[in-house]
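Undergrad: If it helps, the file is called input-v4.csv and holds CSV, C-alpha atoms:
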```
chain,number,residue,atom,x,y,z
A,1,MET,CA,28.5,-11.8,25.2
A,2,GLY,CA,27.9,-9.5,28.2
A,3,SER,CA,27.1,-5.8,27.7
A,4,GLY,CA,30.6,-4.8,28.6
A,5,GLY,CA,32.1,-7.2,26.0
A,6,LEU,CA,29.7,-6.1,23.4
A,7,PHE,CA,30.5,-2.5,23.9
A,8,LEU,CA,34.2,-3.1,23.8
A,9,ASN,CA,33.7,-4.9,20.5
A,10,ILE,CA,31.9,-1.8,19.1
A,11,ALA,CA,34.6,0.5,20.5
A,12,GLU,CA,37.3,-1.6,18.8
A,13,LYS,CA,35.5,-1.5,15.4
A,14,LEU,CA,35.2,2.3,15.7
A,15,CYS,CA,38.9,2.6,16.6
A,16,LYS,CA,39.8,0.5,13.6
A,17,ASN,CA,37.6,2.6,11.3
A,18,ALA,CA,39.2,5.7,12.5
A,19,CYS,CA,42.7,4.2,11.9
A,20,THR,CA,42.0,2.9,8.4
A,21,LEU,CA,43.7,5.0,5.7
A,22,LEU,CA,40.9,4.2,3.3
A,23,ASP,CA,38.2,5.4,5.6
A,24,GLU,CA,39.6,8.4,7.5
A,25,LYS,CA,36.3,9.5,9.0
A,26,ASN,CA,35.5,10.7,12.5
A,27,GLN,CA,33.4,8.3,14.5
A,28,SER,CA,30.9,8.7,17.3
A,29,ILE,CA,29.0,6.4,19.7
A,30,ILE,CA,25.5,7.3,20.9
A,31,VAL,CA,24.8,5.5,24.2
A,32,SER,CA,21.0,5.4,24.8
A,33,GLY,CA,18.6,3.4,26.8
A,34,GLU,CA,16.2,3.6,29.8
A,35,SER,CA,17.4,4.5,33.3
A,36,GLY,CA,19.6,1.8,34.8
A,37,ALA,CA,20.3,0.1,31.4
A,38,GLY,CA,24.1,0.8,31.8
A,39,LYS,CA,24.7,3.9,29.7
A,40,THR,CA,27.2,5.5,32.0
A,41,VAL,CA,29.1,2.2,32.5
A,42,SER,CA,29.2,1.6,28.8
A,43,ALA,CA,30.5,5.0,28.1
A,44,LYS,CA,33.3,4.4,30.7
A,45,TYR,CA,34.1,1.1,29.0
A,46,ALA,CA,34.5,3.0,25.7
A,47,MET,CA,36.7,5.7,27.1
A,48,ARG,CA,38.9,3.2,28.9
A,49,PHE,CA,39.3,1.2,25.7
A,50,PHE,CA,40.3,4.3,23.7
A,51,ALA,CA,42.7,5.4,26.4
A,52,THR,CA,44.3,2.0,26.5
A,53,VAL,CA,44.8,1.4,22.8
A,54,GLY,CA,45.5,5.0,21.9
A,55,GLY,CA,47.9,6.0,24.7
A,56,SER,CA,49.5,9.3,24.4
A,57,SER,CA,52.8,9.6,22.5
A,58,SER,CA,54.3,12.2,25.0
A,59,GLU,CA,54.8,12.6,28.7
A,60,THR,CA,51.5,14.4,29.2
A,61,ASN,CA,49.7,11.2,30.3
A,62,ILE,CA,46.6,12.6,28.6
A,63,GLU,CA,44.9,9.2,28.6
A,64,GLU,CA,45.1,9.0,32.4
A,65,LYS,CA,43.6,12.5,32.5
A,66,VAL,CA,40.7,11.4,30.2
A,67,LEU,CA,40.0,8.5,32.6
A,68,ALA,CA,40.4,10.7,35.7
A,69,SER,CA,37.5,12.9,34.5
A,70,SER,CA,35.0,10.0,35.1
A,71,PRO,CA,35.1,9.8,38.9
A,72,ILE,CA,34.8,13.6,39.1
A,73,MET,CA,31.8,13.8,36.8
A,74,GLU,CA,30.1,10.9,38.6
A,75,ALA,CA,30.7,12.6,41.9
A,76,ILE,CA,29.1,15.9,40.9
A,77,GLY,CA,26.6,14.7,38.3
A,78,ASN,CA,25.4,11.3,39.4
A,79,ALA,CA,23.0,10.3,42.1
A,80,LYS,CA,21.0,7.4,43.5
A,81,THR,CA,17.5,7.1,42.0
A,82,THR,CA,14.8,4.4,42.6
A,83,ARG,CA,16.1,2.6,39.4
A,84,ASN,CA,19.8,3.1,39.6
A,85,ASP,CA,22.3,3.7,42.4
A,86,ASN,CA,24.6,5.7,40.0
A,87,SER,CA,22.3,7.5,37.6
A,88,SER,CA,23.7,10.3,35.5
A,89,ARG,CA,21.6,13.4,36.0
A,90,PHE,CA,23.1,15.2,33.1
A,91,GLY,CA,24.0,14.4,29.5
A,92,LYS,CA,27.6,14.5,28.3
A,93,TYR,CA,29.4,14.4,25.0
A,94,ILE,CA,33.2,13.5,25.1
A,95,GLN,CA,35.3,14.0,22.0
A,96,ILE,CA,38.7,12.2,22.1
A,97,GLY,CA,41.2,13.6,19.6
A,98,PHE,CA,43.9,11.6,17.9
A,99,ASP,CA,47.0,12.5,15.9
A,100,LYS,CA,48.1,10.9,12.6
A,101,ARG,CA,49.6,7.9,14.5
A,102,TYR,CA,46.3,7.6,16.3
A,103,HIS,CA,47.7,8.4,19.7
A,104,ILE,CA,45.4,10.4,22.0
A,105,ILE,CA,46.4,14.1,22.0
A,106,GLY,CA,43.5,15.6,24.0
A,107,ALA,CA,39.8,15.6,24.7
A,108,ASN,CA,36.8,17.9,25.2
A,109,MET,CA,33.6,17.5,27.1
A,110,ARG,CA,30.3,19.2,26.7
A,111,THR,CA,27.5,18.7,29.2
A,112,TYR,CA,23.7,19.2,28.9
A,113,LEU,CA,20.6,19.5,31.1
A,114,LEU,CA,22.0,19.2,34.6
A,115,GLU,CA,19.2,18.2,36.9
A,116,LYS,CA,19.5,21.3,39.2
A,117,SER,CA,16.3,20.5,41.1
A,118,ARG,CA,18.0,17.5,42.7
A,119,VAL,CA,20.2,19.8,44.8
A,120,VAL,CA,17.2,20.9,46.8
A,121,PHE,CA,14.7,18.0,46.5
A,122,GLN,CA,14.9,14.2,46.3
A,123,ALA,CA,12.1,11.8,46.0
A,124,ASP,CA,11.7,8.9,48.6
A,125,ASP,CA,14.6,6.5,48.5
A,126,GLU,CA,16.7,8.8,46.3
A,127,ARG,CA,19.8,10.8,47.1
A,128,ASN,CA,21.3,14.2,46.2
A,129,TYR,CA,24.6,14.2,44.1
A,130,HIS,CA,27.2,11.8,45.4
A,131,ILE,CA,29.7,14.5,46.2
A,132,PHE,CA,27.7,15.8,49.1
A,133,TYR,CA,27.6,12.5,50.8
A,134,GLN,CA,31.3,11.9,50.1
A,135,LEU,CA,32.2,15.3,51.7
A,136,CYS,CA,30.1,14.5,54.8
A,137,ALA,CA,31.7,11.1,55.1
A,138,ALA,CA,35.1,12.8,55.2
A,139,SER,CA,34.0,15.7,57.5
A,140,SER,CA,36.0,14.4,60.4
A,141,LEU,CA,39.3,14.8,58.6
A,142,PRO,CA,41.4,17.7,60.1
A,143,GLU,CA,41.5,19.7,56.9
A,144,PHE,CA,37.7,19.9,56.8
A,145,LYS,CA,37.2,21.1,60.3
A,146,ASP,CA,36.4,24.6,59.2
A,147,LEU,CA,33.5,23.3,56.9
A,148,SER,CA,31.5,22.6,60.1
A,149,LEU,CA,29.9,19.5,58.5
A,150,THR,CA,28.6,16.4,60.2
A,151,SER,CA,26.7,13.4,59.0
A,152,ALA,CA,24.6,13.7,55.8
A,153,GLU,CA,21.5,12.8,58.0
A,154,ASP,CA,21.9,16.2,59.7
A,155,PHE,CA,21.3,18.3,56.5
A,156,VAL,CA,18.0,18.9,54.8
A,157,TYR,CA,19.4,18.8,51.3
A,158,THR,CA,20.9,15.3,51.8
A,159,SER,CA,18.2,13.6,53.8
A,160,LEU,CA,14.9,14.4,52.0
A,161,GLY,CA,14.9,11.0,50.3
A,162,GLY,CA,15.3,9.0,53.5
A,163,ASP,CA,18.3,6.6,53.6
A,164,THR,CA,21.5,8.5,53.0
A,165,SER,CA,23.7,5.5,52.3
A,166,ILE,CA,24.0,3.1,49.3
A,167,ALA,CA,24.5,-0.6,49.9
A,168,GLY,CA,28.1,-1.6,49.0
A,169,VAL,CA,29.2,2.0,48.5
A,170,ASP,CA,31.9,3.6,50.8
A,171,ASP,CA,31.4,7.4,50.3
A,172,ALA,CA,34.6,8.2,52.2
A,173,ASP,CA,36.6,5.9,49.9
A,174,ASP,CA,35.0,7.3,46.8
A,175,PHE,CA,35.8,10.8,48.1
A,176,GLU,CA,39.5,9.9,48.2
A,177,LYS,CA,39.3,8.8,44.6
A,178,THR,CA,37.6,12.1,43.6
A,179,ARG,CA,40.3,14.1,45.3
A,180,GLN,CA,43.0,12.0,43.6
A,181,ALA,CA,41.3,12.6,40.2
A,182,PHE,CA,41.2,16.4,40.9
A,183,THR,CA,44.9,16.3,41.7
A,184,LEU,CA,45.7,14.3,38.5
A,185,LEU,CA,43.9,16.9,36.4
A,186,GLY,CA,46.0,19.7,37.9
A,187,VAL,CA,43.4,21.2,40.3
A,188,LYS,CA,45.5,22.8,43.1
A,189,GLU,CA,44.8,22.0,46.7
A,190,SER,CA,43.6,25.5,47.3
A,191,HIS,CA,41.1,25.2,44.4
A,192,GLN,CA,39.9,21.8,45.7
A,193,MET,CA,39.3,23.4,49.1
A,194,ALA,CA,37.4,26.2,47.5
A,195,ILE,CA,35.2,23.6,45.8
A,196,PHE,CA,34.5,21.8,49.1
A,197,LYS,CA,33.7,25.1,50.8
A,198,ILE,CA,31.1,26.0,48.2
A,199,LEU,CA,29.6,22.5,48.6
A,200,ALA,CA,29.5,22.8,52.4
A,201,ALA,CA,28.0,26.3,52.1
A,202,ILE,CA,25.1,24.8,50.0
A,203,LEU,CA,24.4,22.3,52.7
A,204,HIS,CA,24.4,25.0,55.4
A,205,LEU,CA,22.1,27.1,53.2
A,206,GLY,CA,19.5,24.3,53.2
A,207,ASN,CA,19.5,24.2,57.0
A,208,LEU,CA,18.5,27.8,57.5
A,209,ASP,CA,15.6,28.3,59.9
A,210,ILE,CA,13.3,30.8,58.2
A,211,GLU,CA,10.6,31.9,60.7
A,212,SER,CA,7.2,33.4,59.9
A,213,GLU,CA,6.3,36.9,61.1
A,214,ARG,CA,3.2,39.2,60.9
A,215,ASP,CA,0.7,36.5,60.2
A,216,GLY,CA,2.8,35.0,57.5
A,217,GLU,CA,3.3,38.2,55.5
A,218,SER,CA,7.0,38.4,56.3
A,219,CYS,CA,9.8,36.2,57.6
A,220,SER,CA,13.2,36.4,59.3
A,221,ILE,CA,16.3,34.5,60.1
A,222,SER,CA,17.9,34.7,63.5
A,223,LYS,CA,21.1,36.6,63.7
A,224,GLN,CA,22.4,33.6,65.8
A,225,ASP,CA,21.5,31.0,63.1
A,226,GLU,CA,24.7,28.9,63.0
A,227,HIS,CA,24.1,27.7,59.5
A,228,LEU,CA,23.8,31.3,58.2
A,229,HIS,CA,27.0,32.1,60.0
A,230,ASN,CA,28.7,29.1,58.4
A,231,PHE,CA,27.3,29.9,54.9
A,232,CYS,CA,28.6,33.5,55.1
A,233,ARG,CA,32.0,32.5,56.5
A,234,LEU,CA,32.6,29.9,53.9
A,235,LEU,CA,31.7,32.1,50.9
A,236,GLY,CA,33.1,35.3,52.4
A,237,VAL,CA,29.8,37.3,52.1
A,238,GLU,CA,28.4,39.8,54.6
A,239,HIS,CA,26.2,38.3,57.3
A,240,SER,CA,23.8,41.2,57.6
A,241,GLN,CA,23.3,41.4,53.9
A,242,MET,CA,22.5,37.7,53.5
A,243,GLU,CA,20.2,37.8,56.5
A,244,HIS,CA,18.3,40.7,54.9
A,245,TRP,CA,18.1,39.6,51.3
A,246,LEU,CA,17.1,36.1,52.0
A,247,CYS,CA,13.9,37.5,53.4
A,248,HIS,CA,13.3,40.5,51.2
A,249,ARG,CA,13.1,41.2,47.5
A,250,LYS,CA,13.7,44.4,45.4
A,251,LEU,CA,11.3,45.6,42.8
A,252,VAL,CA,12.5,48.2,40.4
A,253,THR,CA,10.2,50.3,38.3
A,254,THR,CA,10.9,53.1,35.9
A,255,SER,CA,10.6,55.7,38.6
A,256,GLU,CA,11.0,53.9,42.0
A,257,THR,CA,12.6,51.0,43.8
A,258,TYR,CA,10.6,49.0,46.4
A,259,ILE,CA,11.9,46.6,49.0
A,260,LYS,CA,9.2,44.0,49.8
A,261,ASN,CA,8.9,41.4,52.5
A,262,MET,CA,8.7,37.8,51.5
A,263,SER,CA,6.6,35.1,53.1
A,264,VAL,CA,8.3,31.9,54.5
A,265,GLN,CA,7.4,30.0,51.3
A,266,GLN,CA,8.7,32.7,49.0
A,267,ALA,CA,11.9,32.9,51.1
A,268,VAL,CA,12.3,29.1,50.9
A,269,ASN,CA,11.8,29.2,47.1
A,270,ALA,CA,14.4,32.0,46.8
A,271,ARG,CA,16.8,30.1,49.0
A,272,ASN,CA,16.5,27.0,47.0
A,273,ALA,CA,16.9,28.9,43.7
A,274,LEU,CA,20.1,30.3,45.1
A,275,ALA,CA,21.4,26.9,46.1
A,276,LYS,CA,20.6,25.5,42.6
A,277,HIS,CA,22.4,28.4,40.9
A,278,ILE,CA,25.5,28.1,43.1
A,279,TYR,CA,25.7,24.4,42.3
A,280,ALA,CA,25.2,24.8,38.6
A,281,GLN,CA,27.9,27.5,38.4
A,282,LEU,CA,30.3,25.2,40.4
A,283,PHE,CA,29.5,22.3,38.1
A,284,ASN,CA,30.2,24.4,35.0
A,285,TRP,CA,33.5,25.6,36.5
A,286,ILE,CA,34.7,22.1,37.2
A,287,VAL,CA,33.8,21.0,33.6
A,288,GLN,CA,35.7,24.0,32.2
A,289,HIS,CA,38.7,23.1,34.3
A,290,ILE,CA,38.6,19.5,33.2
A,291,ASN,CA,38.5,20.7,29.5
A,292,LYS,CA,41.5,23.0,30.3
A,293,ALA,CA,43.4,20.0,31.6
A,294,LEU,CA,42.5,17.9,28.5
A,295,TYR,CA,43.2,20.7,26.0
A,296,THR,CA,46.0,20.4,23.4
A,297,THR,CA,47.5,22.7,20.8
A,298,VAL,CA,48.6,19.8,18.7
A,299,LYS,CA,46.6,19.5,15.4
A,300,GLN,CA,43.9,16.9,15.6
A,301,HIS,CA,43.8,14.4,12.8
A,302,SER,CA,40.6,12.6,13.8
A,303,PHE,CA,38.3,12.1,16.7
A,304,ILE,CA,36.0,9.6,18.3
A,305,GLY,CA,33.0,11.0,20.2
A,306,VAL,CA,31.0,9.3,23.0
A,307,LEU,CA,27.5,10.7,23.7
A,308,ASP,CA,26.1,9.5,27.0
A,309,ILE,CA,22.4,10.5,27.0
A,310,TYR,CA,21.0,11.4,30.4
A,311,GLY,CA,17.9,9.5,31.5
```
If you convert what's in this file into structure tokens, what do you get?
TA:
Amino acid sequence: MGSGGLFLNIAEKLCKNACTLLDEKNQSIIVSGESGAGKTVSAKYAMRFFATVGGSSSETNIEEKVLASSPIMEAIGNAKTTRNDNSSRFGKYIQIGFDKRYHIIGANMRTYLLEKSRVVFQADDERNYHIFYQLCAASSLPEFKDLSLTSAEDFVYTSLGGDTSIAGVDDADDFEKTRQAFTLLGVKESHQMAIFKILAAILHLGNLDIESERDGESCSISKQDEHLHNFCRLLGVEHSQMEHWLCHRKLVTTSETYIKNMSVQQAVNARNALAKHIYAQLFNWIVQHINKALYTTVKQHSFIGVLDIYG
């Protein structure tokens, strides 16, 4: 029996256990294994099985929303590594709730240990998170003109690993599936565009040209830097303030406040920290919105949990 068939067999037994009157216990699956072993795919098999056999009893189509969370989480949390073209770079626990008739009534997802460093660094032959390449692949669409994006090869944060493509993967097609999933989960067009603006801003942030001054003791960014202009425009922040604080830091003591210059390396480190923080906050917002879409006020009779351990 293949891994998919084996996992569906396990999922079926868990579902039967949850539905047995003599054994009304909550169930959970822990999906573990080395990188590339198939943890994420196995977790998707389980979710698809539960959604199929435990379809919702109302018009909410909650089972479709549970399945729609997968392409979104893969886009923002998965990346190509040397061992796996679709490696989860975070851990997730999904709890699927059932009513007394064992129909799905809702779900909740918790995430753990997002690999924030991948946003600003990738090893050879690895990629950043899929969503960046998907967005670049769709940059020619009229609605994305204001993002000022081009090919993924043109941005530092998406080209550090070398090859920006994955054999057999169409990033533009996957991006369309990601957008459809957002829509199914009730994310408005305006909110989707806000997400894409933040992602584009991160890419522009990575392309800032930070120049050394005064024998390396300080640095600066040109007022004409197009990527700084795009970053500020997309996020609605003041150009002069970003230009200043990307190259300076504030030290506050009990009696005084000092403004100190930063070297190029210090500024690069600060810039990368900002990019990681922005991405982590966006990731958390998307997870919260998914949970909001999957939330129910109906009393839960039992649940089946799926833990996909990152690695």
Undergrad: Quick one: residues within 9 Å of His289 (chain A), all atoms listed in the file, excluding same-chain residues fewer than 6 positions away - as a ChimeraX atom specification?
TA: /A:185-187
Undergrad: Could you tell me which of A:Gln27, A:Ser151, A:Ser165, A:Ser70 comes closest to Ala181 (chain A) if we count all atoms listed in the file?
TA: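 Selected residue with least distance to Ala181 (chain A): A:Ser70.
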Undergrad: Find, counting only C-alpha atoms, the residue in A:Gln241, A:Thr178, A:Ser35, A:Asn269 that gets nearest to Gln192 (chain A).
TA: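 Closest to Gln192 (chain A), using only C-alpha atoms: A:Thr178.
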Undergrad: List as a PyMOL selection string the protein and nucleic acid residues near Ala107 (chain A), meaning an atom at most 9 Å away when only C-alpha atoms are counted, but skip any in the same chain fewer than 2 places from it.
TA: chain A and resi 62+66+94-98+104-105+109+291+293-296+303
Undergrad: Could you list, with a cut-off of 12 Å and counting only C-alpha atoms, the residues of region 178-257 of chain A near region 129-132 of chain A, each shown with its nearest atom pair and the distance in Å rounded to one decimal, rows sorted by chain and ascending number, as JSON lines?
TA:
```
{"residue": "A:Thr178", "atom": "CA", "partner": "A:Ile131", "partner_atom": "CA", "distance": 8.7}
{"residue": "A:Arg179", "atom": "CA", "partner": "A:Ile131", "partner_atom": "CA", "distance": 10.6}
{"residue": "A:Ile195", "atom": "CA", "partner": "A:Ile131", "partner_atom": "CA", "distance": 10.6}
{"residue": "A:Phe196", "atom": "CA", "partner": "A:Phe132", "partner_atom": "CA", "distance": 9.1}
{"residue": "A:Lys197", "atom": "CA", "partner": "A:Phe132", "partner_atom": "CA", "distance": 11.2}
{"residue": "A:Ile198", "atom": "CA", "partner": "A:Phe132", "partner_atom": "CA", "distance": 10.8}
{"residue": "A:Leu199", "atom": "CA", "partner": "A:Phe132", "partner_atom": "CA", "distance": 7.0}
{"residue": "A:Ala200", "atom": "CA", "partner": "A:Phe132", "partner_atom": "CA", "distance": 7.9}
{"residue": "A:Ala201", "atom": "CA", "partner": "A:Phe132", "partner_atom": "CA", "distance": 10.9}
{"residue": "A:Ile202", "atom": "CA", "partner": "A:Phe132", "partner_atom": "CA", "distance": 9.4}
{"residue": "A:Leu203", "atom": "CA", "partner": "A:Phe132", "partner_atom": "CA", "distance": 8.1}
{"residue": "A:His204", "atom": "CA", "partner": "A:Phe132", "partner_atom": "CA", "distance": 11.6}
```
Undergrad: Using all atoms listed in the file, which of A:Gly168, A:Gly33, A:Gly216, A:Gly77 sits nearest Leu307 (chain A)?
TA: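 Closest candidate: A:Gly33.
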Undergrad: Using all atoms listed in the file, which of the listed residues (A:Ala152, A:Leu228, A:Ala137, A:Ala273) sits closest to Asp173 (chain A)?
TA: A:Ala137
